[in-house]
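Everything below belongs to target-v7.cif, which stores mmCIF, C-alpha atoms and all ligand atoms.
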data_work
#
loop_
_atom_site.label_atom_id
_atom_site.label_comp_id
_atom_site.auth_asym_id
_atom_site.auth_seq_id
_atom_site.Cartn_x
_atom_site.Cartn_y
_atom_site.Cartn_z
CA MET A 285 23.85 22.52 7.61
CA SER A 286 22.92 19.93 10.15
CA GLU A 287 22.71 16.18 10.43
CA HIS A 288 19.54 14.32 11.21
CA THR A 289 18.53 10.71 11.72
CA LEU A 290 15.23 9.03 10.93
CA ASP A 291 14.32 5.66 12.38
CA ALA A 292 12.14 3.89 9.80
CA ARG A 293 12.82 0.38 11.07
CA ASN A 294 10.01 -2.18 10.87
CA LEU A 295 8.08 0.02 8.50
CA LEU A 296 7.12 -1.41 5.15
CA CYS A 297 7.40 0.42 1.88
CA PRO A 298 6.23 2.97 1.06
CA MET A 299 6.20 4.15 4.70
CA PRO A 300 10.00 4.70 4.84
CA VAL A 301 9.73 6.93 1.75
CA ILE A 302 6.78 8.83 3.20
CA ARG A 303 8.65 9.41 6.47
CA THR A 304 11.75 10.50 4.54
CA GLN A 305 9.68 12.89 2.44
CA ASN A 306 8.00 14.38 5.48
CA ALA A 307 11.27 14.69 7.40
CA ALA A 308 13.03 16.31 4.44
CA LYS A 309 10.29 18.97 4.23
CA ALA A 310 11.42 20.39 7.56
CA LEU A 311 15.13 20.41 6.67
CA ALA A 312 17.28 23.07 5.04
CA ASP A 313 19.32 22.97 1.87
CA GLY A 314 22.48 20.93 2.43
CA ASP A 315 21.24 19.15 5.58
CA THR A 316 21.86 15.44 5.71
CA LEU A 317 19.35 12.83 6.75
CA LYS A 318 20.35 9.33 7.73
CA VAL A 319 17.44 6.93 7.26
CA ILE A 320 17.61 3.58 9.04
CA CYS A 321 15.24 0.97 7.65
CA THR A 322 14.62 -2.75 7.55
CA ASP A 323 12.47 -3.10 4.43
CA PRO A 324 14.84 -3.90 1.55
CA GLY A 325 12.38 -2.18 -0.79
CA ALA A 326 13.74 1.11 0.57
CA MET A 327 16.96 0.33 -1.23
CA SER A 328 15.31 1.21 -4.53
CA ASP A 329 12.50 3.49 -3.33
CA ILE A 330 14.46 6.08 -1.36
CA PRO A 331 17.07 6.66 -4.10
CA ALA A 332 14.25 6.85 -6.69
CA TRP A 333 12.44 9.40 -4.55
CA CYS A 334 15.70 11.38 -4.21
CA ARG A 335 16.25 11.41 -7.97
CA ILE A 336 12.74 12.71 -8.58
CA HIS A 337 13.11 15.53 -6.07
CA GLY A 338 16.71 16.46 -6.77
CA HIS A 339 18.16 15.28 -3.43
CA SER A 340 21.36 13.24 -3.49
CA VAL A 341 22.16 9.89 -1.95
CA LEU A 342 25.52 10.18 -0.19
CA ASP A 343 25.89 6.69 1.16
CA ILE A 344 24.14 3.33 1.47
CA GLN A 345 25.23 0.83 4.11
CA GLN A 346 23.63 -2.57 4.15
CA SER A 347 23.99 -5.10 6.91
CA ASP A 348 22.14 -8.36 7.37
CA LYS A 349 19.03 -6.79 8.88
CA GLU A 350 19.37 -3.04 8.42
CA LEU A 351 19.82 -0.57 5.68
CA VAL A 352 21.20 2.91 6.34
CA ILE A 353 20.73 5.46 3.57
CA THR A 354 22.22 8.91 3.97
CA ILE A 355 20.80 11.64 1.80
CA LYS A 356 21.64 15.27 1.25
CA VAL A 357 18.65 17.54 0.99
CA ALA A 358 18.41 20.00 -1.89
CA LYS A 359 15.91 22.80 -1.48
CA SER A 360 16.67 24.54 -4.73
CA GLY A 361 15.69 23.37 -8.19
CA ARG A 362 12.75 21.06 -8.33
CA ALA A 363 12.81 19.80 -4.80
CA SER A 364 9.50 20.27 -3.09
CA MET B 198 2.74 35.69 -21.78
CA GLN B 199 0.12 33.17 -20.82
CA LYS B 200 0.33 31.84 -17.31
CA THR B 201 1.56 28.24 -17.00
CA ARG B 202 -1.29 26.25 -15.51
CA LYS B 203 -0.64 23.67 -12.84
CA ALA B 204 -2.24 20.28 -12.48
CA VAL B 205 -1.98 17.60 -9.84
CA ALA B 206 -2.18 14.08 -11.28
CA LEU B 207 -3.30 11.03 -9.32
CA ILE B 208 -0.54 8.50 -9.95
CA SER B 209 -1.32 4.91 -8.99
CA GLY B 210 1.70 3.33 -10.62
CA GLY B 211 -0.39 1.78 -13.40
CA LEU B 212 -0.44 2.66 -17.06
CA ASP B 213 -3.66 4.69 -17.27
CA SER B 214 -2.76 7.35 -14.74
CA MET B 215 0.70 7.56 -16.30
CA LEU B 216 -0.73 8.19 -19.77
CA ALA B 217 -3.26 10.70 -18.48
CA ALA B 218 -0.50 12.75 -16.85
CA LYS B 219 1.68 12.45 -19.94
CA VAL B 220 -1.05 13.73 -22.29
CA VAL B 221 -1.47 16.87 -20.19
CA LEU B 222 2.24 17.31 -19.55
CA ASP B 223 2.74 17.33 -23.31
CA GLN B 224 0.44 20.33 -23.57
CA GLY B 225 2.87 22.42 -21.56
CA VAL B 226 1.00 22.20 -18.25
CA HIS B 227 3.08 21.98 -15.06
CA VAL B 228 2.21 18.58 -13.57
CA GLU B 229 3.07 17.07 -10.21
CA GLY B 230 1.98 13.63 -9.08
CA ILE B 231 0.14 12.61 -5.93
CA ASN B 232 -0.15 9.07 -4.62
CA PHE B 233 -2.19 7.91 -1.66
CA TYR B 234 -1.03 5.19 0.66
CA THR B 235 -4.10 3.50 2.16
CA GLY B 236 -2.41 0.47 3.73
CA PHE B 237 -4.09 -1.82 1.20
CA CYS B 238 -2.06 -0.81 -1.84
CA VAL B 239 -0.56 -3.66 -3.80
CA GLU B 240 2.33 -1.32 -4.37
CA GLY B 241 5.37 -1.81 -2.30
CA HIS B 242 4.77 -3.39 0.98
CA THR B 243 4.52 -7.09 0.29
CA HIS B 244 7.27 -7.38 -2.24
CA ALA B 245 10.00 -7.39 0.32
CA ILE B 246 8.64 -9.81 2.87
CA ARG B 247 9.03 -13.22 1.34
CA LYS B 248 12.57 -14.31 0.85
CA GLN B 249 11.85 -15.84 -2.53
CA ASP B 250 10.68 -12.43 -3.75
CA ARG B 251 13.82 -10.67 -2.63
CA ALA B 252 15.79 -11.80 -5.65
CA LYS B 253 13.39 -10.01 -8.00
CA PRO B 254 14.11 -6.36 -8.74
CA LYS B 255 11.87 -4.21 -6.61
CA ARG B 256 10.45 -0.86 -7.37
CA ASN B 257 7.62 1.31 -6.27
CA ASN B 258 5.66 1.78 -9.48
CA ALA B 259 4.29 5.20 -8.57
CA LEU B 260 7.84 6.48 -8.04
CA TRP B 261 8.92 4.77 -11.22
CA VAL B 262 6.13 6.46 -13.20
CA ALA B 263 7.02 9.86 -11.76
CA GLU B 264 10.61 9.36 -12.73
CA GLN B 265 9.67 8.36 -16.28
CA LEU B 266 7.49 11.43 -16.58
CA GLY B 267 10.08 13.65 -14.93
CA VAL B 268 7.62 15.02 -12.36
CA PRO B 269 7.80 15.22 -8.57
CA LEU B 270 5.62 12.77 -6.67
CA HIS B 271 4.01 13.43 -3.31
CA ILE B 272 3.10 10.27 -1.43
CA ILE B 273 0.44 10.91 1.18
CA ASP B 274 -0.24 8.66 4.14
CA VAL B 275 -4.04 8.41 4.36
CA VAL B 276 -4.17 5.20 6.41
CA GLU B 277 -6.28 6.76 9.21
CA GLU B 278 -8.75 8.70 7.06
CA TYR B 279 -9.16 5.80 4.67
CA LYS B 280 -10.58 3.55 7.40
CA ASP B 281 -13.95 5.20 7.12
CA VAL B 282 -14.00 4.46 3.38
CA VAL B 283 -13.38 0.75 3.96
CA ILE B 284 -15.62 0.43 6.99
CA ASN B 285 -18.62 2.53 5.93
CA PRO B 286 -18.69 2.88 2.16
CA LYS B 287 -21.75 4.93 1.25
CA HIS B 288 -21.90 3.26 -2.16
CA GLY B 289 -21.11 -0.26 -0.95
CA TYR B 290 -18.53 -2.79 -1.99
CA GLY B 291 -17.62 -4.32 -5.33
CA SER B 292 -17.18 -8.05 -5.76
CA ASN B 293 -14.98 -8.31 -2.66
CA LEU B 294 -14.45 -5.70 0.04
CA ASN B 295 -13.37 -3.07 -2.47
CA PRO B 296 -15.28 0.18 -1.97
CA CYS B 297 -14.14 1.50 -5.37
CA LEU B 298 -16.63 4.31 -5.82
CA ASP B 299 -16.12 5.77 -2.36
CA CYS B 300 -12.39 5.21 -2.73
CA LYS B 301 -12.17 7.19 -5.96
CA GLY B 302 -14.24 9.98 -4.45
CA PHE B 303 -11.97 10.00 -1.41
CA MET B 304 -8.80 10.22 -3.48
CA VAL B 305 -10.10 12.94 -5.75
CA HIS B 306 -11.33 14.81 -2.68
CA HIS B 307 -7.85 14.70 -1.12
CA ALA B 308 -6.22 15.66 -4.41
CA HIS B 309 -8.64 18.59 -4.61
CA ARG B 310 -7.66 19.69 -1.13
CA TRP B 311 -3.98 19.45 -2.09
CA MET B 312 -4.75 21.44 -5.24
CA GLU B 313 -6.29 24.26 -3.22
CA GLU B 314 -3.58 24.29 -0.57
CA ASN B 315 -0.85 24.49 -3.19
CA ALA B 316 -2.63 26.90 -5.55
CA TYR B 317 -2.92 24.42 -8.41
CA ASP B 318 -5.57 24.74 -11.11
CA PHE B 319 -6.96 21.31 -11.79
CA ILE B 320 -6.79 17.54 -11.15
CA ILE B 321 -5.97 14.73 -13.58
CA THR B 322 -7.01 11.10 -13.22
CA GLY B 323 -6.50 8.10 -15.49
CA GLU B 324 -10.14 7.04 -15.43
CA VAL B 325 -11.55 5.52 -18.61
CA LEU B 326 -15.28 5.47 -19.28
CA GLY B 327 -16.69 1.95 -19.00
CA GLN B 328 -13.48 0.31 -17.92
CA ARG B 329 -14.43 -0.66 -14.39
CA PRO B 330 -17.86 -1.91 -13.43
CA MET B 331 -18.34 0.26 -10.37
CA SER B 332 -16.36 3.45 -10.48
CA GLN B 333 -15.96 4.19 -14.18
CA ARG B 334 -19.51 4.20 -15.50
CA ARG B 335 -21.21 7.07 -17.27
CA ASP B 336 -23.32 7.70 -14.19
CA THR B 337 -20.55 7.31 -11.63
CA LEU B 338 -17.90 9.54 -13.20
CA PRO B 339 -19.96 12.71 -12.58
CA LEU B 340 -20.79 11.43 -9.10
CA ILE B 341 -17.09 11.23 -8.23
CA ALA B 342 -16.54 14.77 -9.53
CA ARG B 343 -19.49 16.05 -7.51
CA GLU B 344 -19.00 14.18 -4.24
CA SER B 345 -15.27 14.84 -4.12
CA GLY B 346 -15.86 18.57 -4.38
CA ALA B 347 -13.58 18.78 -7.43
CA GLY B 348 -16.48 19.52 -9.79
CA ASP B 349 -15.35 20.54 -13.23
CA ARG B 350 -11.75 20.96 -12.16
CA LEU B 351 -11.47 17.21 -12.56
CA LEU B 352 -10.09 16.29 -15.98
CA ARG B 353 -9.99 12.73 -17.30
CA PRO B 354 -7.72 13.13 -20.32
CA LEU B 355 -8.14 9.52 -21.52
CA CYS B 356 -11.91 9.83 -22.03
CA ALA B 357 -12.45 13.61 -21.90
CA LYS B 358 -13.86 13.77 -25.41
CA LEU B 359 -16.73 11.53 -24.36
CA LEU B 360 -17.61 13.75 -21.41
CA PRO B 361 -18.87 17.33 -21.16
CA PRO B 362 -16.03 19.89 -21.37
CA THR B 363 -14.47 20.69 -17.99
CA LEU B 364 -13.10 24.02 -16.78
CA PRO B 365 -9.52 23.41 -18.02
CA GLU B 366 -10.93 22.67 -21.48
CA ARG B 367 -13.37 25.58 -21.56
CA GLU B 368 -10.71 28.01 -20.36
CA GLY B 369 -8.23 26.73 -22.93
CA TRP B 370 -5.69 25.59 -20.30
CA VAL B 371 -5.67 22.34 -22.26
CA ASP B 372 -6.70 21.68 -25.84
CA ARG B 373 -9.69 19.37 -25.81
CA GLU B 374 -8.90 18.27 -29.36
CA GLN B 375 -5.70 16.64 -28.19
CA LEU B 376 -7.43 14.70 -25.42
CA LEU B 377 -8.73 11.18 -25.95
CA ALA B 378 -11.93 9.20 -26.25
CA PHE B 379 -11.02 5.84 -24.71
CA ASN B 380 -14.02 3.76 -23.83
CA GLY B 381 -14.60 0.27 -22.50
CA ARG B 382 -12.59 -2.57 -21.15
CA SER B 383 -10.12 -3.06 -23.99
CA ARG B 384 -6.55 -2.16 -23.06
CA LYS B 385 -5.44 -1.85 -26.68
CA PRO B 386 -5.76 1.95 -27.01
CA GLN B 387 -3.69 2.43 -23.85
CA MET B 388 -1.05 0.05 -25.10
CA ALA B 389 -0.91 1.79 -28.46
CA LEU B 390 -0.54 5.17 -26.76
CA ALA B 391 2.21 3.78 -24.53
CA ALA B 392 4.00 2.54 -27.64
CA HIS B 393 3.56 5.96 -29.24
CA TYR B 394 5.26 7.55 -26.22
CA ASP B 395 7.90 4.82 -26.25
CA LEU B 396 6.92 3.70 -22.76
CA THR B 397 7.79 0.11 -21.99
CA ASP B 398 8.17 -1.90 -18.81
CA TYR B 399 5.13 -0.32 -17.18
CA ALA B 400 3.34 -2.24 -14.45
CA GLN B 401 0.25 -4.23 -15.34
CA PRO B 402 -1.22 -5.42 -12.08
CA ALA B 403 -3.73 -8.21 -12.47
CA GLY B 404 -6.94 -7.69 -10.54
CA GLY B 405 -6.84 -4.19 -9.19
CA CYS B 406 -4.80 -1.55 -7.51
CA CYS B 407 -5.36 -2.84 -4.01
CA PHE B 408 -5.73 -5.92 -1.83
CA LEU B 409 -9.40 -5.20 -1.21
CA THR B 410 -10.14 -6.83 -4.58
CA ASP B 411 -8.27 -10.01 -3.59
CA PRO B 412 -10.64 -12.69 -2.23
CA ASN B 413 -7.91 -14.47 -0.22
CA TYR B 414 -7.15 -11.24 1.52
CA THR B 415 -10.71 -10.09 2.11
CA THR B 416 -11.69 -13.44 3.60
CA LYS B 417 -9.16 -12.73 6.34
CA LEU B 418 -10.31 -9.16 6.75
CA ALA B 419 -13.94 -10.27 7.07
CA ASP B 420 -12.83 -12.86 9.65
CA LEU B 421 -11.01 -10.17 11.63
CA TRP B 422 -14.12 -8.01 11.73
CA GLN B 423 -16.34 -10.91 12.67
CA SER B 424 -14.08 -12.00 15.50
CA ARG B 425 -13.98 -8.48 16.92
CA GLY B 426 -17.70 -7.98 16.64
CA ASP B 427 -17.28 -4.78 14.66
CA LYS B 428 -15.53 -3.42 11.63
CA ARG B 429 -12.30 -1.83 12.76
CA TYR B 430 -8.64 -2.31 12.12
CA GLU B 431 -5.20 -0.90 12.77
CA LEU B 432 -2.39 -0.72 10.23
CA ASP B 433 -0.64 -3.65 11.95
CA ASP B 434 -3.74 -5.80 11.50
CA ILE B 435 -4.02 -5.23 7.79
CA MET B 436 -0.29 -5.68 7.26
CA LEU B 437 -0.34 -8.98 9.13
CA LEU B 438 -3.22 -10.20 6.95
CA LYS B 439 -0.72 -10.38 4.13
CA VAL B 440 1.86 -12.44 5.96
CA GLY B 441 1.92 -16.09 6.96
CA ARG B 442 -0.73 -18.74 7.39
CA HIS B 443 -3.68 -17.66 9.49
CA LEU B 444 -5.56 -20.25 11.56
CA ARG B 445 -8.45 -19.56 13.86
CA PRO B 446 -9.00 -22.50 16.22
CA ARG B 447 -11.34 -20.52 18.49
CA PRO B 448 -13.50 -17.48 17.77
CA HIS B 449 -11.50 -15.26 20.11
CA PHE B 450 -7.97 -15.89 18.87
CA LYS B 451 -5.99 -16.80 15.78
CA LEU B 452 -2.46 -17.89 15.01
CA ILE B 453 -0.23 -16.29 12.42
CA VAL B 454 2.44 -18.77 11.35
CA GLY B 455 5.47 -17.62 9.35
CA ARG B 456 5.87 -19.69 6.18
CA GLU B 457 9.51 -18.99 5.51
CA GLU B 458 12.48 -17.00 6.67
CA GLY B 459 11.44 -13.68 5.17
CA GLU B 460 8.03 -13.87 6.85
CA ASN B 461 9.56 -14.99 10.15
CA ASN B 462 11.88 -11.97 10.06
CA PHE B 463 8.93 -9.74 9.39
CA LEU B 464 6.88 -11.27 12.21
CA GLU B 465 9.85 -10.79 14.55
CA GLY B 466 9.14 -7.07 14.33
CA TYR B 467 5.74 -7.67 15.99
CA ARG B 468 6.96 -9.87 18.83
CA ARG B 469 6.66 -7.23 21.52
CA ARG B 470 3.05 -6.49 20.70
CA TYR B 471 1.74 -10.05 20.42
CA THR B 472 1.86 -13.20 22.49
CA HIS B 473 4.16 -15.48 20.52
CA LEU B 474 5.40 -19.03 20.43
CA ARG B 475 8.27 -20.94 18.95
CA SER B 476 9.69 -24.42 19.21
CA LEU B 477 12.81 -24.88 21.32
CA SER B 478 13.43 -28.54 20.61
CA HIS B 479 13.05 -28.36 16.82
CA SER B 480 13.48 -25.71 14.20
CA GLY B 481 10.27 -24.02 13.23
CA PRO B 482 8.45 -20.78 12.55
CA LEU B 483 7.64 -17.87 14.77
CA VAL B 484 3.93 -17.93 15.62
CA LEU B 485 2.01 -14.84 16.75
CA ILE B 486 -1.31 -14.97 18.54
CA ASP B 487 -3.89 -12.31 17.83
CA GLY B 488 -6.61 -12.18 20.49
CA GLU B 489 -6.96 -12.79 24.21
CA THR B 490 -6.00 -16.25 25.41
CA ASP B 491 -6.18 -18.22 28.68
CA ASN B 492 -4.02 -21.22 29.63
CA ASP B 493 -6.17 -23.74 27.79
CA ASP B 494 -6.07 -21.60 24.68
CA LEU B 495 -2.29 -21.33 24.90
CA HIS B 496 -1.97 -25.06 25.31
CA LEU B 497 -4.03 -25.60 22.17
CA ALA B 498 -2.04 -22.88 20.36
CA ALA B 499 1.23 -24.58 21.35
CA ARG B 500 0.03 -27.96 20.03
CA LEU B 501 -1.09 -26.34 16.81
CA ALA B 502 2.13 -24.33 16.45
CA ALA B 503 4.15 -27.52 17.08
CA ARG B 504 2.44 -29.00 14.05
CA PHE B 505 4.31 -26.47 11.88
CA CYS B 506 7.80 -27.19 13.19
CA GLN B 507 10.23 -29.93 12.27
CA GLY B 508 9.03 -31.98 15.23
CA ARG B 509 5.51 -32.40 13.85
CA SER B 510 5.83 -36.22 14.01
CA ALA B 511 7.66 -36.29 17.36
CA ALA B 512 5.86 -37.49 20.48
CA ALA B 513 6.46 -34.14 22.17
CA VAL B 514 7.83 -30.72 21.27
CA ARG B 515 9.22 -28.22 23.74
CA MET B 516 7.70 -24.83 23.04
CA SER B 517 8.44 -21.41 24.43
CA ILE B 518 5.48 -19.13 25.04
CA THR B 519 5.92 -15.41 25.60
CA PRO B 520 2.71 -13.70 26.68
CA ARG B 521 2.32 -10.11 25.52
CA GLY B 522 4.18 -7.95 28.01
CA GLY B 523 5.18 -11.01 30.09
CA ALA B 524 8.13 -13.32 30.61
CA PRO B 525 8.70 -16.39 28.43
CA TYR B 526 8.06 -19.87 29.80
CA GLU B 527 8.34 -23.38 28.41
CA ILE B 528 5.89 -26.22 27.99
CA GLU B 529 6.10 -29.62 26.38
CA VAL B 530 3.20 -30.63 24.14
CA PRO B 531 2.30 -33.35 21.67
CA PRO B 532 1.83 -31.75 18.24
CA LEU B 533 -1.72 -31.89 16.89
CA ASN B 534 -2.27 -34.49 14.20
CA SER B 535 -3.25 -33.13 10.84
CA ASP B 536 -6.59 -34.92 11.21
CA ASP B 537 -7.25 -32.89 14.34
CA ILE B 538 -6.99 -29.62 12.44
CA PRO B 539 -10.32 -28.87 10.77
CA GLN B 540 -10.04 -27.22 7.37
CA GLU B 541 -12.21 -24.34 8.63
CA TRP B 542 -9.40 -23.25 10.94
CA TYR B 543 -7.41 -22.16 7.92
CA LEU B 544 -8.45 -18.68 6.87
S1 LIG C 601 -9.27 -1.34 -6.35
FE1 LIG C 601 -8.84 -0.54 -4.29
S2 LIG C 601 -7.57 1.31 -4.61
FE2 LIG C 601 -8.54 0.79 -6.58
S3 LIG C 601 -10.42 2.06 -6.62
FE3 LIG C 601 -10.97 0.03 -5.80
S4 LIG C 601 -10.81 0.25 -3.58
FE4 LIG C 601 -9.70 1.96 -4.48
#

Now, as a test, write the supplied structure out as structure tokens.
Amino acid sequence: MSEHTLDARNLLCPMPVIRTQNAAKALADGDTLKVICTDPGAMSDIPAWCRIHGHSVLDIQQSDKELVITIKVAKSGRAS
Amino acid sequence: MQKTRKAVALISGGLDSMLAAKVVLDQGVHVEGINFYTGFCVEGHTHAIRKQDRAKPKRNNALWVAEQLGVPLHIIDVVEEYKDVVINPKHGYGSNLNPCLDCKGFMVHHAHRWMEENAYDFIITGEVLGQRPMSQRRDTLPLIARESGAGDRLLRPLCAKLLPPTLPEREGWVDREQLLAFNGRSRKPQMALAAHYDLTDYAQPAGGCCFLTDPNYTTKLADLWQSRGDKRYELDDIMLLKVGRHLRPRPHFKLIVGREEGENNFLEGYRRRYTHLRSLSHSGPLVLIDGETDNDDLHLAARLAARFCQGRSAAAVRMSITPRGGAPYEIEVPPLNSDDIPQEWYL
């Protein structure tokens, strides 16, 4: 299990979700991915994407300009 | 036991593609969704820019649809490949710069490629015969199937009964009898089917699924192409077309003026890549310059930009100018009068 970070700042939705999806493809079951973004749309899109694919959202930190969403990748079940 | 067949459904986020996927899903087929991000999609990217829009709940409708259906969704970035569709559409444009027929063919083509790579059996779209003037006519539906390479592995569940049987129907992977015969522009059958499935709160975008059908947007895109002398664009260009006021005082450069805090924050992200101006003596927007400018141009740009700050009626405004890749410097200029700004400058 390893920890990874994805810089999705200054990208507009749905690019942060696409980058998250593509990064998660290369990760193993149980790995965590910390996604840093600036588009507030990611606040709903990344958790929605996680629910659809069976990944879990561990933490969401929101500051004035940035949003940091940490997800745990699930490779079993319906994740693809 | 019969093999479970697999279908990939084009999911735009609208009602039709949602219903089409649902109809097939209900027949026991394994369905996964695919959504293409072209850079022009209405979906997503503008909703978060303007501050006034931030209070509204935001969602990506394609993700929302997938969640309602309980299917995975694959969002594919096709920004680069899509350029050729917008720039050189073989079948031309619709009423604005929307190359709908080429666009549909492109999307089905990419879905077909995904289908083959992932060993899926067929493709589902939400097309309805006669609903759209360009891409959903009796003569263009077969054209899309043919030119995309999908052939008769392309199933349109909402109007399948009006079309010749496709491979999934002939092979019995789906029961043609349970497919539909929607025809024409009326939305009533779709709404009735949605009610039957108990689906509410679905998105109903006015106009179309992308900004290329929006005349305010395509005026700016056409201007961009004209000023460059050829049709080309980068993702940044087409994103910026959606933000701020655009004014072109000279053929070789234009100003992008943030209209409110949300847009200014967004434009901040582009500061390093564009020459930009802001007022130092008064509060005002961030202004980006797109194009190559000399000193006279920058002087004019500063006077024009000063017009949009709080000091618009002052005798002089102190502006900071930061050339792309250079150091900032200050100048003092009289703001342009509104009478000095021809209406044609506004794009
Ligand atoms: S409206 Fe836009 S996304 Fe929809 S088919 Fe036409 S060009 Fe493609």

Write as a short mmCIF file (atom, residue, chain, number, x, y, z; two decimals) with C-alpha atoms, in the frame of the given file the residues around ligand LIG 601 (chain C), taking 7 Å as the cut-off and counting only C-alpha atoms and all ligand atoms.
data_model
loop_
_atom_site.label_atom_id
_atom_site.label_comp_id
_atom_site.auth_asym_id
_atom_site.auth_seq_id
_atom_site.Cartn_x
_atom_site.Cartn_y
_atom_site.Cartn_z
CA CYS B 238 -2.06 -0.81 -1.84
CA ASN B 295 -13.37 -3.07 -2.47
CA PRO B 296 -15.28 0.18 -1.97
CA CYS B 297 -14.14 1.50 -5.37
CA LEU B 298 -16.63 4.31 -5.82
CA CYS B 300 -12.39 5.21 -2.73
CA LYS B 301 -12.17 7.19 -5.96
CA GLY B 405 -6.84 -4.19 -9.19
CA CYS B 406 -4.80 -1.55 -7.51
CA CYS B 407 -5.36 -2.84 -4.01
CA PHE B 408 -5.73 -5.92 -1.83
CA LEU B 409 -9.40 -5.20 -1.21
CA THR B 410 -10.14 -6.83 -4.58
#

One-decimal distance in Å that lies between CA of Arg373 in chain B and CA of Met331 in chain B: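 Interatomic distance, CA of Met331 in chain B to CA of Arg373 in chain B: 26.0 Å.
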
Selected residue of minimal separation from Val275 in chain B among A:Met299, A:Ile320, A:Leu290, A:Met327, counting only C-alpha atoms: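 Of A:Met299, A:Ile320, A:Leu290, A:Met327, the one nearest Val275 in chain B is A:Met299, counting only C-alpha atoms.
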
Long-range neighbours of range 224-235 of chain B as JSON, numbers by chain, 6 Å cut-off, all atoms listed in the file, 5 positions minimum in chain: {"B": [202, 203, 204, 205, 206, 207, 208, 268, 269, 270, 271, 272, 273, 274, 275, 276]}

Chain A residues near chain B (10 Å cut-off, all atoms listed in the file) as number ranges by chain: A: 293-299, 301-303, 305-306, 322-330, 332-338, 349, 362-364

Separation of CA of Asp427 in chain B from CA of Asn492 in chain B, in Å and rounded to one decimal: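 Going from CA of Asp427 in chain B over to CA of Asn492 in chain B covers 25.9 Å.
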
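As for CA of Gly459 in chain B and CA of Gln346 in chain A, they are spaced 16.5 Å apart.
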
7 Å contact set for range 339-342 of chain A, all atoms listed in the file, chain neighbours under 6 positions out, as a ChimeraX atom specification: /A:331,354-358

Radius query 9 Å about (-2.9, 28.6, -23.6), atoms used: only C-alpha atoms, as a PyMOL selection string: chain B and resi 199-202+224-225+368-372
